[in-house]
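The structure appears right after this line, and notes come after that.
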Amino acid sequence: MPEMALSDLKVLDLTHGISGPYCTKLLGDYGADVIKIERPGSGDYARQIGPFPKDVPHPEKSGTFLHLNTNKRSVTLDLSTESGRDVALKLARRADIVVESFRPGVMADFGLDYPILNGENSALVVTSISNFGQTGPYRDWRASELIFYGMGGELYSTGLADREPIKMGADVGLYQAGSVAAFATLSASFSAREAGQGEHIDISIMETQAGSIDRRMSMLLAYQYNGELSGRSADGPNGLGGYPSGVYPCADGYFQITSGTRYFPRIVKMLGEPEEFLDPKWHTPEAQSDPELEAEFDAFFYPWLMARTKYQIWEAARSANVLSGPLNTMEDIANDQVFQSRGAFSNVDHPEAGDFAYPGRPFIMEHSPWSIRRPAPRLGEHTDEALSESGYTADDISRFREKRVV
Amino acid sequence: MTGHRSDTSSKTDARKLPLSGIRVLDMTVVWAGPYCTTLLADMGAEIIRVESIQTMGAATRAPFARPSQFFIDSMPPFVGAMPGREAGNRPWNRHPLFNAHARNKKSMTVDLLRPEGLDIFKRMVTISDVLVENNPTETMEKLGISYKELREINPRFIMLRMPAYGNEGPYQNHRSLGVHIEGVIGHTLMRGYADMDPSSNTNVYMADAAAGVGGAMAVATALNYRRRSGKGQLVELSQAENALPYLGAAFMDYSMNNRNASTLGNRHPTAIQGVYPCAEDDTWIAVTIFDERDWELFCQAIGNPVWMSDARFANHASRRANHDALDGMITEWSRSQGHRHAMEILQSHGVAAGAVLDQKDASEDPQYTARAMFEEAFQEDLGTYSYPRAPFKMSRSPVKIDRGPVRLGEDNEYVYKTLLKLSDADYDRLVESGHIGMDYAPHVK
């Protein structure tokens with residue numbers, strides 16, 4: 001009985017940064033054998049992205065890199081050399097999956113584009129992750145997390161009407177692209193296995209935003225159906241209309257609620273059914289868009305919130321099925337007893353960076369669990385090991401090393 | 001209209017989709033769960049939504065089964081922009097809220113609150129591979145559906161549960177949308193205007209998008225395990241835990257340095273970055289200047305104005321230190337530019353820049369046109385419209401929108417007569433008893 005769900009898959013990982021490494025991390029954390037190719041000398045540029053312990057930059061201590069590269073083995077390889085290319089082709093011959101995130105055209109420059117890889121190993125699934133895709137007029141354009149959200153996602157409608165559009169936090173769009181790539185890649189490996197014929201998957205990060213359920217698809221459809229644009233909220237942060245909805249202050253921070261329309265009775269229940277809100281005037285469809293009633297409600301609600309902590313409010317909300325949650329800091333969540341007792345975080349000991357808590361498993365499998373079998377690799381840590389597995393002798397490897405191929 | 005039939009595949013293509021032959025029972029609600037089954041459907045799984053004409057959740061197909069015109073007019077576009085803002089005969093088949101994720105799926109109706117309904121459901125389990133649900137934990141318990149029992153019926157059966165926080169423990173029945181889950185895991189305090197209070201934050205649903213694709217990945221992973229072992233299993237995806245890795249750098253910063261991330265607004269940790277207003281009302285250009293070389297390219301692109309030689313902008317560090325002043329100067333330039341024009345100029349000089357595309361801009365965008373990001377699909381209660389397609393392109397697997405957004409109960413005949421082999425008389429009896437239908441019962445609001 002296999003212990004891990006994906007332990008039959010060998011992945012050759014030519015990615016760097018965030019999207020590609022998150023894709024291969026998902027595969028690796030559920031069991032795939034991932035060999036990560038890094039440029040000799042500097043390696044994946046994520047090694048330069050923080051955070052670093054005590055804010056001291058070090059290529060083996062980047063929090064971003066450590067998080068994204070668990071369960072991978074690092075091989076340094078200069079793909080622009082003839083021998084480097086030969087090694088990559090040899091590794092690709094025994095792989096099931098290749099994932100790459102170079103600018104479109106770079107793999108062809110290396111002599112490693114899909115037709116060549118397919119010629120070496122017809123069952124190979126090759127996934128390319130790029131800014132805008134492998135084709136089209138924007139193919140060679142540059143981008144950033146902000147730009148992906150602006151062109152692909154719903155930056156336009158996020159924020160307040162009298163202000164500039166405002167992005168989401170950190171790099172969440174880049175992670176989403178990596179996750180989409182992982183699903184597409186794993187799915188394609190099923191037909192590759194069945195048909196003995198792989199394929200090339202073209203992931204455009206822009207399209208992973210355009211095809212996202214984070215409002216974009218529904219808002220694009222609202223335009224298609226009725227020519228309606230979805231802009232930023234003109235009536236404050238509520239956005240969906242109705243009250244109470246949005247982020248509210250409370251005794252120890254902030255608390256977010258979605259209500260309005262048919263959910264108002266749940267709010268009344270959460271508040272302990274105070275007599276004034278049993279009046280039928282609150283329970284007509286029109287009541288939820290009446291500014292005077294809203295002001296009257298707020299006059300009651302704000303003091304009620306300020307007398308309670310965010311977790312006290314959350315408990316009251318739970319007992320009344322109110323859609324809601326506290327706004328936590330990372331400290332709050334890392335120390336939350338419920339998350340801790342579920343094993344939501346995973347401690348990983350790295351020989352150079354040290355022992356820290358990392359985000360844990362995205363999903364729990366009853367029989368084939370997620371696990372961290374090894375911390376993120378040091379640059380080139382597994383070059384000798386992986387090359388000798390591929391049939392290279394110690395002499396070959398030292399020759400490569402002299403020529404700075406590895 | 002910018003619809004295009006995908007030209008990479010055709011009906012005569014004998015190639016199969018990767019998940020063809022996998023049948024998924026879909027008891028998902030709102031966005032996270034349905035997006036999971038949308039992605040599975042794109043890959044060829046047969047998705048059968050298990051719905052009821054006796055009850056209706058408020059945030060999946062529509063807020064109300066029979067909304068008043070007053071209510072229809074008050075809904076935001078992404079929920080209620082039905083063609084013409086008209087309810088039609090079956091408004092529940094017409095909302096953008098639902099239809100955006102309802103491509104390539106089937107729908108059956110059955111009332112699971114009655115014993116014969118539950119029996120029908122269990123018969124479906126014997127001939128299916130996967131169940132996906134994302135309800136509060138207690139919902140399945142109340143219906144009397146447990147994986148323990150389903151596994152006995154079908155040992156190869158996979159069940160994916162996608163609760164907000166987890167299927168056990170004190171948070172198991174907290175009601176949350178993606179936006180609330182993001183508050184709990186720290187995202188909400190990491191986004192929004194840096195000069196405003198967090199209560200100015202408007203809703204985003206990153207956690208739904210994350211859970212949808214994470215759930216699809218979970219099903220694919222469990223299928224790979226089943227192929228190798230012959231065994232199904234229970235998979236639990238806590239939407240909060242699934243989205244937390246997306247905030248990995250911030251989590252690691254707390255682990256390493258006890259630091260709590262706060263919002264940077266539109267700024268970048270190391271680059272010069274902003275969203276700048278353009279010539280026409282409410283048009284914007286997003287720009288990221290990563291380093292010294294980008295700055296030189298940017299200067300060339302906007303014509304080397306005099307202010308660029310200001311000592312405050314002499315190097316990357318000083319530009320970062322004077323970001324506000326620099327934003328003011330960039331705005332002077334951007335205000336005279338069309339947003340698409342600004343993007344073209346900057347990109348042609350090699351600078352990372354993107355027009356902030358509203359929904360109309362996106363629908364007409366040349367990149368989407370070139371890559372057929374929209375595909376036309378027909379649905380009887382709507383007609384033909386363009387829909388965004390799957391977020392991946394594959395060279396061999398014929399991924400496409402084969403079928404428009406599924407109507408309530410559209411596939412009852414197929415499910416009951418073809419799959420479950422019910423006689424016409426039995427089928428009619430289930431119609432009469434309110435299990436089978438394409439219209440919500442009159443008592444459903």
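Labels for the structure tokens follow display order: chains A, B, ..., residues from 1 in each chain, ligands from 1.
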Practice item. Would you mind writing down, as a ChimeraX atom specification, each residue of range 122-173 of chain A that DSSP on the backbone assigns to strand (DSSP E)? Key: /A:125-130
Just to be explicit: take each residue in the selection above, keep C-alpha atoms, and write the result as a compact mmCIF listing (two decimals), in the first residue's frame.
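Here's the written file out_1.txt:
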```txt
# COMPACT_ATOMS: atom_id res chain seq x y z
CA VAL A 125 3.46 16.36 -18.95
CA VAL A 126 5.11 19.75 -19.37
CA THR A 127 3.57 22.70 -17.56
CA SER A 128 4.60 26.23 -18.44
CA ILE A 129 3.63 29.03 -16.06
CA SER A 130 4.05 32.53 -17.43
```
**Study point:** Selection near Thr76 in chain A, 10 Å with only C-alpha atoms, sequence-local residues under 2 positions removed, as a PyMOL selection string
**Key:** chain A and resi 36-44+74+78-79+84+379-384+401+404-406
Those same residues - N, CA and C atoms - I'd like them written as a short mmCIF file (atom, residue, chain, number, x, y, z; two decimals), in the first residue's frame.
```cif
data_model
loop_
_atom_site.label_atom_id
_atom_site.label_comp_id
_atom_site.auth_asym_id
_atom_site.auth_seq_id
_atom_site.Cartn_x
_atom_site.Cartn_y
_atom_site.Cartn_z
N LYS A 36 14.59 20.03 -8.07
CA LYS A 36 14.54 21.46 -8.40
C LYS A 36 15.86 21.88 -9.02
N ILE A 37 15.79 22.39 -10.23
CA ILE A 37 17.00 22.88 -10.91
C ILE A 37 17.19 24.36 -10.56
N GLU A 38 18.38 24.69 -10.07
CA GLU A 38 18.67 26.09 -9.76
C GLU A 38 19.92 26.54 -10.49
N ARG A 39 19.95 27.82 -10.78
CA ARG A 39 21.10 28.40 -11.45
C ARG A 39 22.32 28.33 -10.52
N PRO A 40 23.47 27.84 -11.02
CA PRO A 40 24.66 27.80 -10.16
C PRO A 40 24.98 29.21 -9.64
N GLY A 41 25.41 29.28 -8.41
CA GLY A 41 25.79 30.58 -7.84
C GLY A 41 24.68 31.20 -7.04
N SER A 42 23.64 31.71 -7.73
CA SER A 42 22.61 32.46 -7.01
C SER A 42 21.36 31.64 -6.72
N GLY A 43 21.02 30.68 -7.59
CA GLY A 43 19.82 29.86 -7.37
C GLY A 43 18.54 30.62 -7.61
N ASP A 44 17.46 30.05 -7.12
CA ASP A 44 16.12 30.63 -7.22
C ASP A 44 16.14 32.04 -6.60
N SER A 74 17.60 20.00 -4.41
CA SER A 74 18.16 21.05 -5.26
C SER A 74 19.37 20.56 -6.03
N ASP A 78 23.56 24.75 -15.10
CA ASP A 78 23.54 25.88 -16.03
C ASP A 78 22.90 25.40 -17.33
N LEU A 79 21.63 25.74 -17.51
CA LEU A 79 20.88 25.22 -18.66
C LEU A 79 21.33 25.84 -19.97
N GLY A 84 24.80 21.16 -19.64
CA GLY A 84 23.67 21.42 -18.74
C GLY A 84 22.37 20.97 -19.37
N LEU A 379 21.25 25.31 -1.56
CA LEU A 379 21.54 25.43 -3.00
C LEU A 379 22.50 24.32 -3.45
N GLY A 380 22.03 23.49 -4.36
CA GLY A 380 22.86 22.43 -4.91
C GLY A 380 23.10 21.27 -3.98
N GLU A 381 22.35 21.21 -2.90
CA GLU A 381 22.58 20.18 -1.88
C GLU A 381 22.52 18.76 -2.45
N HIS A 382 21.70 18.56 -3.47
CA HIS A 382 21.47 17.20 -3.97
C HIS A 382 22.02 16.99 -5.38
N THR A 383 22.92 17.86 -5.81
CA THR A 383 23.44 17.74 -7.17
C THR A 383 24.07 16.36 -7.40
N ASP A 384 24.98 15.97 -6.52
CA ASP A 384 25.67 14.69 -6.71
C ASP A 384 24.69 13.53 -6.64
N ARG A 401 31.47 20.11 -12.62
CA ARG A 401 31.74 21.13 -11.61
C ARG A 401 32.88 22.06 -12.06
N ARG A 404 31.74 24.53 -14.40
CA ARG A 404 30.68 25.35 -13.79
C ARG A 404 29.30 25.07 -14.38
N VAL A 405 29.12 23.83 -14.86
CA VAL A 405 27.80 23.43 -15.34
C VAL A 405 26.89 23.18 -14.14
N VAL A 406 27.49 22.64 -13.07
CA VAL A 406 26.70 22.40 -11.86
C VAL A 406 27.30 23.19 -10.70
#
```
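Relative to CA of Ala170 in chain A, CA of Gln340 in chain A is found at 23.6 Å.
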**Study point:** Pro104 in chain A surroundings by only C-alpha atoms, 12 Å radius, close-in-sequence under 4 positions cut, as number ranges by chain
**Key:** A: 100, 108-110, 112-114, 127-136, 138-142, 202-204
Could you save those same residues with C-alpha atoms as a PDB file, in the first residue's frame?
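Saved the output as selection-v3.pdb:
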```
ATOM      1  CA  GLU A 100       8.861  25.580 -15.790  1.00  0.00           C
ATOM      2  CA  ALA A 108      13.320  27.132 -26.649  1.00  0.00           C
ATOM      3  CA  ASP A 109      16.573  29.079 -26.293  1.00  0.00           C
ATOM      4  CA  PHE A 110      17.810  26.337 -23.995  1.00  0.00           C
ATOM      5  CA  LEU A 112      14.266  22.378 -24.008  1.00  0.00           C
ATOM      6  CA  ASP A 113      10.904  23.418 -25.419  1.00  0.00           C
ATOM      7  CA  TYR A 114       7.917  21.106 -25.546  1.00  0.00           C
ATOM      8  CA  THR A 127       3.567  22.705 -17.558  1.00  0.00           C
ATOM      9  CA  SER A 128       4.604  26.231 -18.438  1.00  0.00           C
ATOM     10  CA  ILE A 129       3.626  29.029 -16.055  1.00  0.00           C
ATOM     11  CA  SER A 130       4.047  32.529 -17.429  1.00  0.00           C
ATOM     12  CA  ASN A 131       2.703  36.047 -16.977  1.00  0.00           C
ATOM     13  CA  PHE A 132       0.270  36.124 -19.889  1.00  0.00           C
ATOM     14  CA  GLY A 133       0.631  32.708 -21.533  1.00  0.00           C
ATOM     15  CA  GLN A 134       2.775  31.258 -24.308  1.00  0.00           C
ATOM     16  CA  THR A 135       0.857  33.056 -27.081  1.00  0.00           C
ATOM     17  CA  GLY A 136      -0.866  36.370 -27.779  1.00  0.00           C
ATOM     18  CA  TYR A 138       1.148  40.312 -24.329  1.00  0.00           C
ATOM     19  CA  ARG A 139       3.247  37.151 -24.362  1.00  0.00           C
ATOM     20  CA  ASP A 140       6.520  38.931 -23.652  1.00  0.00           C
ATOM     21  CA  TRP A 141       5.187  41.589 -21.304  1.00  0.00           C
ATOM     22  CA  ARG A 142       6.347  41.980 -17.748  1.00  0.00           C
ATOM     23  CA  ASP A 202      -0.064  26.630 -20.739  1.00  0.00           C
ATOM     24  CA  ILE A 203      -0.829  28.525 -17.527  1.00  0.00           C
ATOM     25  CA  SER A 204      -1.257  32.285 -17.921  1.00  0.00           C
TER      26      SER A 204
END
```
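By only C-alpha atoms, and with residues fewer than 3 positions from range 214-223 of chain A along its chain excluded, the set lying at most 7 Å from it is A:Gly153, A:Glu154, A:Ala210, A:Gly211, A:Asn226, A:Gly227, A:Glu228, A:Leu229, A:Ser230, B:Pro77, B:Phe78, B:Ala81, B:Pro96, B:Leu97, B:Ala100, B:Val204, B:Tyr205, B:Met206, B:Asp208, B:Ala209, B:Gln359, B:Lys360, B:Tyr387, B:Pro388.
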Secondary structure check, alpha helix (DSSP H) residues of range 164-302 of chain B, as an mmCIF file with N, CA and C atoms, in the first residue's frame:
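Below is the file that was written, part_28.cif:
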```
data_model
loop_
_atom_site.group_PDB
_atom_site.id
_atom_site.type_symbol
_atom_site.label_atom_id
_atom_site.label_comp_id
_atom_site.auth_asym_id
_atom_site.auth_seq_id
_atom_site.Cartn_x
_atom_site.Cartn_y
_atom_site.Cartn_z
ATOM 1 N N GLY B 178 -15.856 33.394 2.224
ATOM 2 C CA GLY B 178 -14.418 33.556 2.029
ATOM 3 C C GLY B 178 -13.877 34.794 2.710
ATOM 4 N N VAL B 179 -14.621 35.884 2.606
ATOM 5 C CA VAL B 179 -14.132 37.152 3.162
ATOM 6 C C VAL B 179 -13.927 37.047 4.672
ATOM 7 N N HIS B 180 -14.748 36.274 5.361
ATOM 8 C CA HIS B 180 -14.592 36.136 6.812
ATOM 9 C C HIS B 180 -13.420 35.203 7.148
ATOM 10 N N ILE B 181 -13.298 34.140 6.359
ATOM 11 C CA ILE B 181 -12.169 33.217 6.550
ATOM 12 C C ILE B 181 -10.859 33.978 6.404
ATOM 13 N N GLU B 182 -10.810 34.884 5.434
ATOM 14 C CA GLU B 182 -9.594 35.684 5.219
ATOM 15 C C GLU B 182 -9.297 36.585 6.406
ATOM 16 N N GLY B 183 -10.350 37.078 7.059
ATOM 17 C CA GLY B 183 -10.129 37.847 8.280
ATOM 18 C C GLY B 183 -9.484 36.989 9.351
ATOM 19 N N VAL B 184 -9.990 35.776 9.496
ATOM 20 C CA VAL B 184 -9.496 34.877 10.546
ATOM 21 C C VAL B 184 -8.025 34.502 10.319
ATOM 22 N N ILE B 185 -7.628 34.284 9.067
ATOM 23 C CA ILE B 185 -6.234 33.863 8.828
ATOM 24 C C ILE B 185 -5.292 35.051 8.609
ATOM 25 N N MET B 206 -10.752 35.860 -1.980
ATOM 26 C CA MET B 206 -9.586 35.060 -2.336
ATOM 27 C C MET B 206 -9.699 33.639 -1.785
ATOM 28 N N ALA B 207 -10.228 33.509 -0.573
ATOM 29 C CA ALA B 207 -10.280 32.177 0.048
ATOM 30 C C ALA B 207 -11.205 31.233 -0.728
ATOM 31 N N ASP B 208 -12.242 31.768 -1.366
ATOM 32 C CA ASP B 208 -13.107 30.911 -2.196
ATOM 33 C C ASP B 208 -12.339 30.381 -3.400
ATOM 34 N N ALA B 209 -11.608 31.290 -4.043
ATOM 35 C CA ALA B 209 -10.822 30.869 -5.203
ATOM 36 C C ALA B 209 -9.792 29.823 -4.780
ATOM 37 N N ALA B 210 -9.156 30.068 -3.642
ATOM 38 C CA ALA B 210 -8.137 29.136 -3.143
ATOM 39 C C ALA B 210 -8.759 27.789 -2.805
ATOM 40 N N ALA B 211 -9.903 27.815 -2.128
ATOM 41 C CA ALA B 211 -10.540 26.558 -1.726
ATOM 42 C C ALA B 211 -11.035 25.786 -2.938
ATOM 43 N N GLY B 212 -11.536 26.503 -3.938
ATOM 44 C CA GLY B 212 -12.040 25.821 -5.131
ATOM 45 C C GLY B 212 -10.949 25.014 -5.800
ATOM 46 N N VAL B 213 -9.835 25.651 -6.048
ATOM 47 C CA VAL B 213 -8.766 24.924 -6.749
ATOM 48 C C VAL B 213 -8.084 23.952 -5.796
ATOM 49 N N GLY B 214 -7.987 24.308 -4.520
ATOM 50 C CA GLY B 214 -7.417 23.374 -3.541
ATOM 51 C C GLY B 214 -8.268 22.114 -3.446
ATOM 52 N N GLY B 215 -9.577 22.284 -3.478
ATOM 53 C CA GLY B 215 -10.481 21.134 -3.430
ATOM 54 C C GLY B 215 -10.334 20.257 -4.661
ATOM 55 N N ALA B 216 -10.192 20.887 -5.816
ATOM 56 C CA ALA B 216 -9.997 20.111 -7.052
ATOM 57 C C ALA B 216 -8.688 19.323 -6.972
ATOM 58 N N MET B 217 -7.668 19.973 -6.436
ATOM 59 C CA MET B 217 -6.367 19.295 -6.254
ATOM 60 C C MET B 217 -6.522 18.123 -5.277
ATOM 61 N N ALA B 218 -7.311 18.335 -4.230
ATOM 62 C CA ALA B 218 -7.519 17.276 -3.232
ATOM 63 C C ALA B 218 -8.194 16.063 -3.872
ATOM 64 N N VAL B 219 -9.192 16.317 -4.710
ATOM 65 C CA VAL B 219 -9.881 15.202 -5.369
ATOM 66 C C VAL B 219 -8.922 14.473 -6.310
ATOM 67 N N ALA B 220 -8.156 15.243 -7.087
ATOM 68 C CA ALA B 220 -7.211 14.605 -8.011
ATOM 69 C C ALA B 220 -6.177 13.776 -7.242
ATOM 70 N N THR B 221 -5.735 14.303 -6.116
ATOM 71 C CA THR B 221 -4.745 13.585 -5.307
ATOM 72 C C THR B 221 -5.340 12.282 -4.768
ATOM 73 N N ALA B 222 -6.575 12.367 -4.291
ATOM 74 C CA ALA B 222 -7.236 11.159 -3.777
ATOM 75 C C ALA B 222 -7.502 10.152 -4.893
ATOM 76 N N LEU B 223 -7.785 10.642 -6.086
ATOM 77 C CA LEU B 223 -7.990 9.726 -7.217
ATOM 78 C C LEU B 223 -6.690 9.008 -7.567
ATOM 79 N N ASN B 224 -5.578 9.716 -7.485
ATOM 80 C CA ASN B 224 -4.297 9.061 -7.774
ATOM 81 C C ASN B 224 -4.018 7.965 -6.746
ATOM 82 N N TYR B 225 -4.327 8.270 -5.499
ATOM 83 C CA TYR B 225 -4.134 7.265 -4.454
ATOM 84 C C TYR B 225 -5.056 6.066 -4.689
ATOM 85 N N ARG B 226 -6.293 6.345 -5.086
ATOM 86 C CA ARG B 226 -7.242 5.258 -5.308
ATOM 87 C C ARG B 226 -6.805 4.385 -6.486
ATOM 88 N N ARG B 227 -6.289 5.015 -7.518
ATOM 89 C CA ARG B 227 -5.817 4.242 -8.676
ATOM 90 C C ARG B 227 -4.751 3.249 -8.246
ATOM 91 N N ARG B 228 -3.923 3.659 -7.283
ATOM 92 C CA ARG B 228 -2.805 2.812 -6.871
ATOM 93 C C ARG B 228 -3.197 1.796 -5.808
ATOM 94 N N SER B 229 -4.154 2.154 -4.961
ATOM 95 C CA SER B 229 -4.457 1.323 -3.797
ATOM 96 C C SER B 229 -5.826 0.648 -3.875
ATOM 97 N N GLN B 239 -11.067 25.429 4.716
ATOM 98 C CA GLN B 239 -10.813 26.548 3.786
ATOM 99 C C GLN B 239 -9.807 27.531 4.373
ATOM 100 N N ALA B 240 -9.825 27.684 5.686
ATOM 101 C CA ALA B 240 -8.865 28.586 6.334
ATOM 102 C C ALA B 240 -7.452 28.032 6.201
ATOM 103 N N GLU B 241 -7.290 26.764 6.519
ATOM 104 C CA GLU B 241 -5.952 26.166 6.465
ATOM 105 C C GLU B 241 -5.439 26.066 5.026
ATOM 106 N N ASN B 242 -6.352 25.870 4.074
ATOM 107 C CA ASN B 242 -5.960 25.799 2.673
ATOM 108 C C ASN B 242 -5.437 27.150 2.158
ATOM 109 N N ALA B 243 -6.003 28.240 2.666
ATOM 110 C CA ALA B 243 -5.606 29.566 2.173
ATOM 111 C C ALA B 243 -4.408 30.131 2.935
ATOM 112 N N GLY B 248 2.180 32.806 3.117
ATOM 113 C CA GLY B 248 3.345 32.147 3.702
ATOM 114 C C GLY B 248 4.406 33.098 4.212
ATOM 115 N N ALA B 249 4.738 34.133 3.430
ATOM 116 C CA ALA B 249 5.817 35.036 3.847
ATOM 117 C C ALA B 249 5.445 35.740 5.149
ATOM 118 N N ALA B 250 4.190 36.155 5.259
ATOM 119 C CA ALA B 250 3.757 36.853 6.476
ATOM 120 C C ALA B 250 3.745 35.903 7.675
ATOM 121 N N PHE B 251 3.314 34.668 7.429
ATOM 122 C CA PHE B 251 3.322 33.692 8.521
ATOM 123 C C PHE B 251 4.757 33.424 8.977
ATOM 124 N N MET B 252 5.656 33.259 8.008
ATOM 125 C CA MET B 252 7.063 32.999 8.342
ATOM 126 C C MET B 252 7.680 34.200 9.064
ATOM 127 N N ASP B 253 7.264 35.401 8.707
ATOM 128 C CA ASP B 253 7.802 36.581 9.381
ATOM 129 C C ASP B 253 7.370 36.582 10.846
ATOM 130 N N TYR B 254 6.149 36.131 11.102
ATOM 131 C CA TYR B 254 5.747 36.021 12.511
ATOM 132 C C TYR B 254 6.563 34.929 13.207
ATOM 133 N N SER B 255 6.699 33.786 12.534
ATOM 134 C CA SER B 255 7.474 32.676 13.120
ATOM 135 C C SER B 255 8.905 33.098 13.414
ATOM 136 N N MET B 256 9.500 33.789 12.473
ATOM 137 C CA MET B 256 10.926 34.123 12.587
ATOM 138 C C MET B 256 11.167 35.347 13.464
ATOM 139 N N ASN B 257 10.310 36.324 13.340
ATOM 140 C CA ASN B 257 10.604 37.631 13.939
ATOM 141 C C ASN B 257 9.493 38.182 14.831
ATOM 142 N N GLU B 292 16.923 49.486 -10.546
ATOM 143 C CA GLU B 292 17.571 50.621 -11.204
ATOM 144 C C GLU B 292 17.359 50.599 -12.725
ATOM 145 N N ARG B 293 17.509 49.414 -13.297
ATOM 146 C CA ARG B 293 17.353 49.312 -14.751
ATOM 147 C C ARG B 293 15.924 49.643 -15.170
ATOM 148 N N ASP B 294 14.949 49.152 -14.403
ATOM 149 C CA ASP B 294 13.548 49.474 -14.693
ATOM 150 C C ASP B 294 13.327 50.984 -14.648
ATOM 151 N N TRP B 295 13.999 51.631 -13.691
ATOM 152 C CA TRP B 295 13.833 53.079 -13.565
ATOM 153 C C TRP B 295 14.321 53.796 -14.833
ATOM 154 N N GLU B 296 15.454 53.335 -15.355
ATOM 155 C CA GLU B 296 15.960 53.946 -16.587
ATOM 156 C C GLU B 296 14.967 53.746 -17.733
ATOM 157 N N LEU B 297 14.426 52.541 -17.821
ATOM 158 C CA LEU B 297 13.452 52.252 -18.884
ATOM 159 C C LEU B 297 12.203 53.109 -18.700
ATOM 160 N N PHE B 298 11.793 53.246 -17.443
ATOM 161 C CA PHE B 298 10.600 54.041 -17.153
ATOM 162 C C PHE B 298 10.825 55.506 -17.556
ATOM 163 N N CYS B 299 11.991 56.030 -17.220
ATOM 164 C CA CYS B 299 12.308 57.418 -17.568
ATOM 165 C C CYS B 299 12.253 57.626 -19.075
ATOM 166 N N GLN B 300 12.857 56.689 -19.796
ATOM 167 C CA GLN B 300 12.802 56.787 -21.265
ATOM 168 C C GLN B 300 11.365 56.750 -21.765
ATOM 169 N N ALA B 301 10.594 55.842 -21.189
ATOM 170 C CA ALA B 301 9.225 55.637 -21.680
ATOM 171 C C ALA B 301 8.383 56.899 -21.523
#
```
Point to revise | CA of Glu296 in chain A to CA of Thr284 in chain A, straight-line distance in Å | key: 15.5 Å
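Distance-wise, CA of Arg94 in chain B and CA of Leu160 in chain A end up 28.3 Å apart.
Neighbours of Pro59 in chain A closer than or equal to 9 Å, with only C-alpha atoms counted and sequence neighbours fewer than 6 positions away skipped, come out as A:Ser42, A:Gly43, A:Tyr45, A:Ala46, A:Arg47, A:Gln48, A:Ile49, A:Phe65, A:Arg378, A:Leu379.
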With C-alpha atoms retained, could you export that selection as an mmCIF file, in the first residue's frame?
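Result file result_37.cif:
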```cif
data_model
loop_
_atom_site.group_PDB
_atom_site.id
_atom_site.type_symbol
_atom_site.label_atom_id
_atom_site.label_comp_id
_atom_site.auth_asym_id
_atom_site.auth_seq_id
_atom_site.Cartn_x
_atom_site.Cartn_y
_atom_site.Cartn_z
ATOM 1 C CA SER A 42 22.606 32.457 -7.007
ATOM 2 C CA GLY A 43 19.823 29.864 -7.373
ATOM 3 C CA TYR A 45 15.632 34.406 -6.780
ATOM 4 C CA ALA A 46 13.161 33.677 -3.981
ATOM 5 C CA ARG A 47 16.270 32.998 -1.885
ATOM 6 C CA GLN A 48 16.767 36.779 -1.904
ATOM 7 C CA ILE A 49 13.168 37.545 -0.864
ATOM 8 C CA PHE A 65 11.976 30.184 -0.138
ATOM 9 C CA ARG A 378 20.342 24.228 0.387
ATOM 10 C CA LEU A 379 21.544 25.432 -2.998
#
```
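Of the residues under consideration (A:Asp33, A:Asp86, A:Glu120, A:Glu366), A:Glu366 shows the shortest atom-to-atom contact distance to chain B when counting only C-alpha atoms.
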Exercise for review: Identify, on the basis of only C-alpha atoms, every residue whose closest approach to range 266-282 of chain A does not exceed 12 Å; exclude the query and any residue fewer than 3 positions from it along the same chain; express the result as number ranges by chain.
Suggested key: A: 242-245, 257-263, 285-294, 296-297, 300-305, 308, 312-324; B: 175
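Of the listed residues B:Gly437, B:Gly117, B:Pro136, B:Pro442, the one whose atoms come nearest to Glu413 in chain B is B:Gly437, with distances taken using only C-alpha atoms.
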